[in-house]
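Visitor: Structure file model.csv, CSV, C-alpha atoms, is pasted below:
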chain,number,residue,atom,x,y,z
A,1,MET,CA,0.0,0.0,0.0
A,2,GLU,CA,1.3,3.5,-0.9
A,3,LYS,CA,-0.4,6.8,-1.1
A,4,ALA,CA,-0.5,8.3,-4.6
A,5,ALA,CA,-2.1,11.0,-6.8
A,6,TYR,CA,-4.2,9.8,-9.7
A,7,LYS,CA,-5.5,11.9,-12.6
A,8,GLY,CA,-6.5,14.9,-10.5
A,9,TRP,CA,-7.3,13.2,-7.2
A,10,ALA,CA,-4.5,14.0,-4.8
A,11,ASN,CA,-5.5,11.3,-2.2
A,12,CYS,CA,-5.5,7.8,-3.6
A,13,VAL,CA,-4.1,4.4,-2.5
A,14,ARG,CA,-2.1,2.2,-4.9
A,15,LEU,CA,-1.8,-1.5,-4.4
A,16,ALA,CA,0.6,-3.4,-6.6
A,17,ASN,CA,2.6,-6.6,-7.0
A,18,ARG,CA,4.7,-7.7,-9.9
A,19,ALA,CA,1.6,-8.9,-11.9
A,20,VAL,CA,-1.1,-6.2,-11.4
A,21,GLU,CA,-1.8,-2.9,-9.8
A,22,LEU,CA,-5.0,-1.1,-8.7
A,23,MET,CA,-5.9,2.4,-7.6
A,24,ILE,CA,-8.4,3.2,-4.9
A,25,THR,CA,-9.8,6.8,-4.6
A,26,ALA,CA,-10.0,8.4,-1.2
A,27,ASP,CA,-11.3,11.8,-2.4
A,28,VAL,CA,-14.5,10.2,-3.6
A,29,GLY,CA,-16.0,6.7,-3.3
A,30,PRO,CA,-15.6,4.0,-2.4
A,31,ARG,CA,-14.2,3.4,-5.9
A,32,ILE,CA,-11.5,1.2,-7.3
A,33,ILE,CA,-10.8,3.4,-10.3
A,34,ARG,CA,-8.0,1.4,-11.9
A,35,PHE,CA,-7.2,-2.3,-12.2
A,36,GLY,CA,-4.8,-3.7,-14.8
A,37,PHE,CA,-1.5,-5.4,-15.4
A,38,ALA,CA,1.5,-3.7,-13.9
A,39,GLY,CA,2.5,-0.8,-16.2
A,40,GLY,CA,-0.4,-1.7,-18.5
A,41,GLU,CA,-3.7,-0.1,-19.5
A,42,ASN,CA,-6.7,0.1,-17.2
A,43,GLU,CA,-9.2,-2.7,-17.7
A,44,PHE,CA,-11.8,-0.4,-16.3
A,45,ARG,CA,-13.4,2.5,-18.2
A,46,GLU,CA,-12.6,6.0,-17.0
A,47,TYR,CA,-14.6,9.1,-17.8
A,48,PRO,CA,-11.9,11.8,-18.4
A,49,GLN,CA,-14.3,14.7,-17.8
A,50,MET,CA,-15.1,13.5,-14.3
A,51,LEU,CA,-11.7,12.5,-13.1
A,52,GLY,CA,-10.4,14.6,-10.2
A,53,ARG,CA,-13.7,16.1,-9.4
A,54,THR,CA,-15.1,16.2,-5.9
A,55,GLY,CA,-18.0,17.7,-4.1
A,56,ASP,CA,-20.6,17.5,-6.9
A,57,LYS,CA,-24.2,17.6,-5.9
A,58,GLU,CA,-25.3,14.9,-8.4
A,59,TRP,CA,-24.1,11.3,-8.7
A,60,LEU,CA,-21.3,10.8,-11.1
A,61,ILE,CA,-20.3,7.5,-12.7
A,62,TYR,CA,-16.5,8.3,-12.8
A,63,GLY,CA,-15.8,4.7,-14.1
A,64,GLY,CA,-14.0,2.0,-12.2
A,65,HIS,CA,-15.7,-0.3,-9.7
A,66,ARG,CA,-18.3,0.7,-7.2
A,67,LEU,CA,-20.8,-0.8,-4.7
A,68,TRP,CA,-24.6,-0.2,-4.8
A,69,HIS,CA,-27.5,-1.8,-3.1
A,70,ALA,CA,-30.2,-3.5,-5.2
A,71,PRO,CA,-32.9,-3.3,-6.5
A,72,GLU,CA,-32.2,-0.2,-8.5
A,73,ALA,CA,-34.3,2.8,-7.7
A,74,VAL,CA,-34.2,6.6,-7.9
A,75,PRO,CA,-33.0,8.4,-5.7
A,76,ARG,CA,-31.8,5.5,-3.5
A,77,SER,CA,-29.3,4.0,-5.9
A,78,TYR,CA,-28.0,7.4,-7.0
A,79,VAL,CA,-27.0,8.9,-3.7
A,80,PRO,CA,-23.9,11.0,-4.6
A,81,ASP,CA,-20.5,9.4,-3.5
A,82,ASN,CA,-18.5,12.5,-4.3
A,83,GLY,CA,-16.9,13.1,-0.9
A,84,GLN,CA,-14.0,11.7,1.0
A,85,VAL,CA,-13.8,8.2,2.3
A,86,SER,CA,-11.5,6.7,5.0
A,87,VAL,CA,-8.8,4.3,4.0
A,88,GLU,CA,-7.4,2.0,6.7
A,89,ASP,CA,-4.4,-0.3,6.3
A,90,LYS,CA,-5.4,-3.5,7.9
A,91,GLY,CA,-2.1,-5.3,7.1
A,92,ARG,CA,-3.4,-8.0,4.8
A,93,PHE,CA,-6.0,-5.8,3.2
A,94,VAL,CA,-7.2,-2.2,2.8
A,95,ARG,CA,-10.6,-1.1,4.2
A,96,VAL,CA,-12.4,1.8,2.5
A,97,VAL,CA,-15.4,3.2,4.4
A,98,GLN,CA,-17.9,5.7,3.1
A,99,PRO,CA,-19.8,8.1,5.5
A,100,VAL,CA,-23.4,7.0,6.1
A,101,GLU,CA,-25.5,7.7,3.0
A,102,ALA,CA,-27.9,10.6,3.6
A,103,GLY,CA,-31.5,9.5,3.2
A,104,THR,CA,-30.8,5.7,3.3
A,105,GLY,CA,-28.9,5.1,6.5
A,106,ILE,CA,-26.7,2.6,4.7
A,107,GLN,CA,-22.9,2.7,5.0
A,108,LYS,CA,-20.7,1.2,2.3
A,109,GLU,CA,-17.4,-0.5,2.9
A,110,LEU,CA,-14.8,-2.3,0.7
A,111,ASP,CA,-12.1,-4.6,1.9
A,112,VAL,CA,-9.5,-5.0,-0.8
A,113,ALA,CA,-6.9,-7.7,-0.6
A,114,LEU,CA,-4.2,-8.1,-3.3
A,115,SER,CA,-2.4,-11.4,-3.7
A,116,ALA,CA,1.3,-11.2,-2.9
A,117,LYS,CA,2.3,-12.6,-6.4
A,118,GLU,CA,-0.7,-13.4,-8.5
A,119,ALA,CA,-3.1,-11.4,-10.7
A,120,HIS,CA,-5.8,-11.9,-8.1
A,121,VAL,CA,-7.7,-9.4,-5.9
A,122,LYS,CA,-10.3,-10.3,-3.3
A,123,VAL,CA,-12.9,-7.5,-2.9
A,124,THR,CA,-15.4,-7.8,0.1
A,125,HIS,CA,-18.4,-5.5,-0.4
A,126,ARG,CA,-20.2,-4.7,2.9
A,127,LEU,CA,-23.4,-2.8,3.5
A,128,ARG,CA,-24.2,-1.7,7.0
A,129,ASN,CA,-27.6,-0.5,8.2
A,130,THR,CA,-27.2,2.4,10.6
A,131,GLY,CA,-30.8,3.3,10.5
A,132,ALA,CA,-33.7,2.7,13.0
A,133,TRP,CA,-35.6,0.2,10.9
A,134,PRO,CA,-35.0,-2.9,8.8
A,135,VAL,CA,-34.1,-2.5,5.1
A,136,GLU,CA,-34.5,-5.1,2.3
A,137,LEU,CA,-31.6,-4.9,-0.1
A,138,ALA,CA,-28.9,-6.9,-1.8
A,139,PRO,CA,-25.2,-6.1,-2.3
A,140,TRP,CA,-24.5,-5.1,-5.9
A,141,ALA,CA,-21.0,-4.9,-7.2
A,142,LEU,CA,-20.6,-3.1,-10.5
A,143,SER,CA,-17.4,-2.9,-12.7
A,144,VAL,CA,-17.4,-0.4,-15.5
A,145,MET,CA,-15.3,-2.0,-18.2
A,146,GLU,CA,-13.3,-0.4,-21.0
A,147,GLN,CA,-14.8,-0.2,-24.5
A,148,GLY,CA,-14.5,-2.9,-27.2
A,149,GLY,CA,-14.8,-6.2,-25.4
A,150,ARG,CA,-17.4,-8.9,-24.7
A,151,ALA,CA,-19.1,-9.8,-21.4
A,152,VAL,CA,-19.4,-13.5,-20.9
A,153,ILE,CA,-22.1,-15.0,-18.7
A,154,PRO,CA,-22.4,-18.8,-18.2
A,155,LEU,CA,-25.8,-20.4,-18.3
A,156,PRO,CA,-26.8,-23.2,-15.9
A,157,PRO,CA,-26.0,-26.7,-17.2
A,158,ARG,CA,-28.2,-27.7,-20.3
A,159,GLY,CA,-30.0,-30.9,-20.7
A,160,SER,CA,-32.5,-32.8,-22.8
A,161,ASN,CA,-36.3,-32.6,-22.7
A,162,THR,CA,-36.5,-36.1,-21.3
A,163,GLY,CA,-37.6,-35.7,-17.7
A,164,ASN,CA,-37.1,-32.0,-17.6
A,165,MET,CA,-40.7,-30.8,-17.4
A,166,LEU,CA,-40.0,-27.6,-15.5
A,167,PRO,CA,-37.8,-24.6,-16.1
A,168,THR,CA,-34.4,-24.8,-14.7
A,169,SER,CA,-32.9,-21.3,-15.1
A,170,VAL,CA,-33.7,-17.6,-15.1
A,171,LEU,CA,-33.1,-14.9,-17.7
A,172,SER,CA,-34.2,-11.3,-17.0
A,173,LEU,CA,-34.8,-8.8,-19.7
A,174,TRP,CA,-35.3,-5.0,-19.3
A,175,ALA,CA,-37.9,-2.9,-21.2
A,176,TYR,CA,-35.1,-1.8,-23.6
A,177,THR,CA,-33.5,-5.2,-24.2
A,178,ASP,CA,-33.6,-6.1,-27.8
A,179,MET,CA,-32.7,-9.8,-28.3
A,180,SER,CA,-32.2,-9.2,-32.0
A,181,ASP,CA,-29.4,-6.6,-31.5
A,182,PRO,CA,-26.2,-7.9,-33.1
A,183,ARG,CA,-24.2,-7.2,-29.9
A,184,TRP,CA,-25.8,-10.2,-28.3
A,185,THR,CA,-24.6,-13.8,-28.8
A,186,TRP,CA,-27.1,-16.2,-27.4
A,187,GLY,CA,-25.2,-19.5,-27.2
A,188,GLU,CA,-26.3,-22.9,-25.8
A,189,LYS,CA,-24.0,-22.6,-22.7
A,190,TYR,CA,-23.1,-18.9,-22.6
A,191,ILE,CA,-24.5,-15.4,-23.2
A,192,MET,CA,-22.2,-12.7,-24.6
A,193,LEU,CA,-22.7,-9.0,-24.9
A,194,ARG,CA,-20.4,-6.9,-27.1
A,195,GLN,CA,-19.6,-3.3,-26.3
A,196,ASP,CA,-19.8,-1.1,-29.4
A,197,PRO,CA,-18.9,2.7,-29.2
A,198,GLN,CA,-21.1,3.3,-32.2
A,199,ALA,CA,-24.2,1.7,-30.8
A,200,LYS,CA,-27.3,3.9,-30.5
A,201,LYS,CA,-29.3,2.0,-27.8
A,202,PRO,CA,-28.4,0.6,-24.4
A,203,GLN,CA,-28.8,-3.2,-23.7
A,204,LYS,CA,-29.2,-5.1,-20.5
A,205,ALA,CA,-29.9,-8.7,-19.3
A,206,GLY,CA,-29.4,-10.7,-16.2
A,207,ALA,CA,-29.2,-14.4,-15.3
A,208,ALA,CA,-28.9,-16.8,-12.4
A,209,THR,CA,-25.4,-18.2,-12.6
A,210,PRO,CA,-24.8,-21.2,-10.4
A,211,ASP,CA,-21.3,-21.6,-11.8
A,212,GLY,CA,-20.4,-18.5,-9.8
A,213,TRP,CA,-18.4,-16.6,-12.4
A,214,ALA,CA,-18.6,-14.0,-15.1
A,215,GLY,CA,-16.0,-12.5,-17.4
A,216,TYR,CA,-15.0,-9.7,-19.8
A,217,ALA,CA,-12.7,-10.4,-22.7
A,218,ARG,CA,-11.0,-7.5,-24.5
A,219,GLY,CA,-7.8,-7.3,-26.6
A,220,GLY,CA,-6.7,-10.8,-25.5
A,221,HIS,CA,-7.1,-9.9,-21.8
A,222,LEU,CA,-9.6,-11.7,-19.7
A,223,PHE,CA,-11.1,-10.2,-16.5
A,224,VAL,CA,-12.9,-12.8,-14.4
A,225,LYS,CA,-15.1,-12.4,-11.3
A,226,LYS,CA,-15.8,-15.3,-9.1
A,227,PHE,CA,-18.4,-15.3,-6.4
A,228,ALA,CA,-20.5,-17.6,-4.2
A,229,TYR,CA,-23.9,-18.5,-5.6
A,230,GLN,CA,-26.5,-19.4,-3.0
A,231,GLU,CA,-28.8,-22.1,-4.3
A,232,GLY,CA,-32.4,-21.4,-3.2
A,233,ALA,CA,-31.8,-17.8,-2.2
A,234,SER,CA,-34.0,-15.0,-3.5
A,235,TYR,CA,-32.0,-12.7,-5.8
A,236,PRO,CA,-33.1,-9.3,-7.2
A,237,ASP,CA,-34.5,-8.6,-10.6
A,238,PHE,CA,-36.4,-12.0,-10.9
A,239,GLY,CA,-33.5,-14.0,-9.6
A,240,CYS,CA,-30.3,-12.5,-11.1
A,241,SER,CA,-26.9,-13.1,-9.6
A,242,VAL,CA,-25.1,-11.6,-12.7
A,243,GLU,CA,-26.1,-8.7,-14.9
A,244,THR,CA,-24.5,-6.8,-17.8
A,245,PHE,CA,-25.4,-3.4,-19.2
A,246,THR,CA,-23.9,-1.5,-22.1
A,247,ASN,CA,-24.2,1.7,-23.9
A,248,ALA,CA,-22.0,3.6,-26.3
A,249,ASP,CA,-19.6,4.6,-23.5
A,250,MET,CA,-19.0,1.4,-21.7
A,251,ILE,CA,-20.1,-2.0,-20.5
A,252,GLU,CA,-20.8,-3.1,-16.9
A,253,LEU,CA,-20.1,-6.5,-15.5
A,254,GLU,CA,-22.2,-6.8,-12.3
A,255,THR,CA,-22.7,-9.4,-9.6
A,256,LEU,CA,-25.4,-9.4,-6.9
A,257,GLY,CA,-25.8,-11.1,-3.6
A,258,PRO,CA,-29.2,-12.4,-2.3
A,259,LEU,CA,-31.9,-10.2,-1.1
A,260,THR,CA,-31.8,-9.8,2.7
A,261,THR,CA,-33.7,-7.9,5.3
A,262,LEU,CA,-31.0,-6.0,7.1
A,263,ALA,CA,-31.8,-5.2,10.7
A,264,PRO,CA,-30.6,-2.0,12.3
A,265,GLY,CA,-26.9,-2.3,13.2
A,266,ALA,CA,-26.5,-5.4,11.0
A,267,ALA,CA,-24.2,-5.8,7.9
A,268,VAL,CA,-24.2,-8.0,4.9
A,269,GLU,CA,-21.2,-9.0,2.7
A,270,HIS,CA,-20.7,-10.0,-0.9
A,271,VAL,CA,-17.3,-11.2,-2.0
A,272,GLU,CA,-15.8,-11.1,-5.5
A,273,ASP,CA,-12.5,-12.6,-6.4
A,274,TRP,CA,-10.9,-10.9,-9.5
A,275,PHE,CA,-8.5,-12.6,-11.8
A,276,LEU,CA,-6.7,-11.1,-14.9
A,277,PHE,CA,-5.3,-13.2,-17.7
A,278,ASP,CA,-3.4,-12.5,-20.9
A,279,GLY,CA,-3.6,-14.4,-24.2
A,280,ALA,CA,-7.2,-15.4,-23.9
A,281,GLY,CA,-8.1,-14.5,-27.4
A,282,GLU,CA,-11.4,-13.0,-28.6
A,283,PRO,CA,-14.4,-15.3,-28.0
A,284,ARG,CA,-17.0,-15.5,-30.8
A,285,ASN,CA,-19.0,-18.6,-29.7
A,286,ASP,CA,-19.4,-21.3,-27.1
A,287,ALA,CA,-16.5,-23.3,-28.5
A,288,ASP,CA,-14.1,-20.4,-28.1
A,289,ILE,CA,-15.2,-19.9,-24.5
A,290,ASP,CA,-14.8,-23.6,-23.7
A,291,ARG,CA,-11.3,-23.7,-25.3
A,292,ASN,CA,-9.8,-20.4,-24.1
A,293,ILE,CA,-11.7,-19.0,-21.2
A,294,LEU,CA,-13.2,-21.9,-19.2
A,295,PRO,CA,-9.8,-23.5,-18.4
A,296,ARG,CA,-8.5,-20.2,-17.0
A,297,VAL,CA,-11.6,-19.8,-14.9
A,298,ARG,CA,-11.2,-23.3,-13.5
A,299,ALA,CA,-7.6,-22.7,-12.8
A,300,ALA,CA,-8.3,-19.4,-10.9
A,301,ARG,CA,-8.1,-20.5,-7.2
A,302,VAL,CA,-10.0,-18.6,-4.6
A,303,GLU,CA,-7.9,-18.4,-1.4
Can you dump the structure from the file as structure tokens?

Guide:
Amino acid sequence: MEKAAYKGWANCVRLANRAVELMITADVGPRIIRFGFAGGENEFREYPQMLGRTGDKEWLIYGGHRLWHAPEAVPRSYVPDNGQVSVEDKGRFVRVVQPVEAGTGIQKELDVALSAKEAHVKVTHRLRNTGAWPVELAPWALSVMEQGGRAVIPLPPRGSNTGNMLPTSVLSLWAYTDMSDPRWTWGEKYIMLRQDPQAKKPQKAGAATPDGWAGYARGGHLFVKKFAYQEGASYPDFGCSVETFTNADMIELETLGPLTTLAPGAAVEHVEDWFLFDGAGEPRNDADIDRNILPRVRAARVE
């Protein structure tokens, strides 16, 4: 851990090993604004016109990785996070704590632990209810990814129609989801969504993902999130544990924890393990994913 300035923010924290580096903002947030190979480009999207800004009255996307609570609603989801956060060195990880959100009583925390040698980061997302009454919510971890790649979401195991009389999986569509849009690839085992800077309309979909991972492939790099899927739990948005959203600016790779009724003083956690790989190619279909992405996902060990 070292203090550093980053693109107009004077107070940031840099975590790095020989493989990867990340940058956490302390002037706004909690945000992880950068994650990438050491000395390489940022895998996250940045909004240049917003970098370095503080104190805005309206919510700003900035880019990078953030923590929300689901289901999405206005104004609850868009409480501004444009002020300072505390950053504590806990030895094996860094804890970032936001002041209690005005109007919701929810306090957001991130624990960020970088592997000593590997391209692996464990991010623990925590929501704490400081209010006087219970709140139903779910932790929601959103990574704003750089342009030009493809989000990869695995579907539950497929089967035949013999003996499978009832549905076995969930796919959620939004009012603006167009399944005929060429950015979508609807495979037998995977869904892919391609980010296109020339696209005119946004797209979004979500799914239940018992395999507990989702990825983003761009320029030969592969960013993977692993998380624990809780079978039988109630998830937001008709049962989604993974969602992806794109517009002309970016694409988001999102995971969600189960819905919970959070009592006053209680907290709930949602953990993502991030991995970054090189040489993964550009997936176009299920076979590409099985050949170049799935082996890397299986080899990514959660500590």

Visitor: Counting all atoms listed in the file, figure out which residue out of A:Arg158, A:Arg284, A:Arg126, A:Arg95 gets nearest to A:Asp111.

Guide: A:Arg95

Visitor: With all atoms listed in the file as the atoms that count, which of A:Arg194, A:His120, A:Arg183, A:Arg76 lies nearest to A:Phe277?

Guide: A:His120

Visitor: Skipping near chain neighbours, those fewer than 4 positions away, what residues fall within 12 Å of stretch 10-17 of chain A using all atoms listed in the file, listed as a ChimeraX atom specification?

Guide: /A:1-6,21-39,51-54,83-89,92-96,112-121

Visitor: Under the rule that all atoms listed in the file are counted, which of A:Val20, A:Val224, A:Ala267, A:Cys240 is the nearest residue to A:Gln107?

Guide: A:Ala267

Visitor: Return as JSON lines the residues of stretch 114-188 of chain A lying at most 10 Å from stretch 257-263 of chain A, together with the closest atom-to-atom pair for each and the distance in Å to one decimal, counting all atoms listed in the file, with rows in chain order and ascending residue number.

Guide:
{"residue": "A:His125", "atom": "CA", "partner": "A:Gly257", "partner_atom": "CA", "distance": 9.8}
{"residue": "A:Leu127", "atom": "CA", "partner": "A:Leu262", "partner_atom": "CA", "distance": 9.0}
{"residue": "A:Arg128", "atom": "CA", "partner": "A:Leu262", "partner_atom": "CA", "distance": 8.0}
{"residue": "A:Asn129", "atom": "CA", "partner": "A:Leu262", "partner_atom": "CA", "distance": 6.6}
{"residue": "A:Thr130", "atom": "CA", "partner": "A:Ala263", "partner_atom": "CA", "distance": 8.9}
{"residue": "A:Gly131", "atom": "CA", "partner": "A:Ala263", "partner_atom": "CA", "distance": 8.6}
{"residue": "A:Ala132", "atom": "CA", "partner": "A:Ala263", "partner_atom": "CA", "distance": 8.4}
{"residue": "A:Trp133", "atom": "CA", "partner": "A:Ala263", "partner_atom": "CA", "distance": 6.6}
{"residue": "A:Pro134", "atom": "CA", "partner": "A:Ala263", "partner_atom": "CA", "distance": 4.4}
{"residue": "A:Val135", "atom": "CA", "partner": "A:Leu262", "partner_atom": "CA", "distance": 5.1}
{"residue": "A:Glu136", "atom": "CA", "partner": "A:Thr261", "partner_atom": "CA", "distance": 4.2}
{"residue": "A:Leu137", "atom": "CA", "partner": "A:Leu259", "partner_atom": "CA", "distance": 5.4}
{"residue": "A:Ala138", "atom": "CA", "partner": "A:Leu259", "partner_atom": "CA", "distance": 4.5}
{"residue": "A:Pro139", "atom": "CA", "partner": "A:Gly257", "partner_atom": "CA", "distance": 5.2}
{"residue": "A:Trp140", "atom": "CA", "partner": "A:Gly257", "partner_atom": "CA", "distance": 6.6}
{"residue": "A:Ala141", "atom": "CA", "partner": "A:Gly257", "partner_atom": "CA", "distance": 8.6}

Visitor: Using all atoms listed in the file for the distances, tell me which of A:Pro154, A:Pro202, A:Gly163, A:Gly40 is nearest to A:Thr177.

Guide: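 Residue with the minimum atom-to-atom distance to A:Thr177: A:Pro202.
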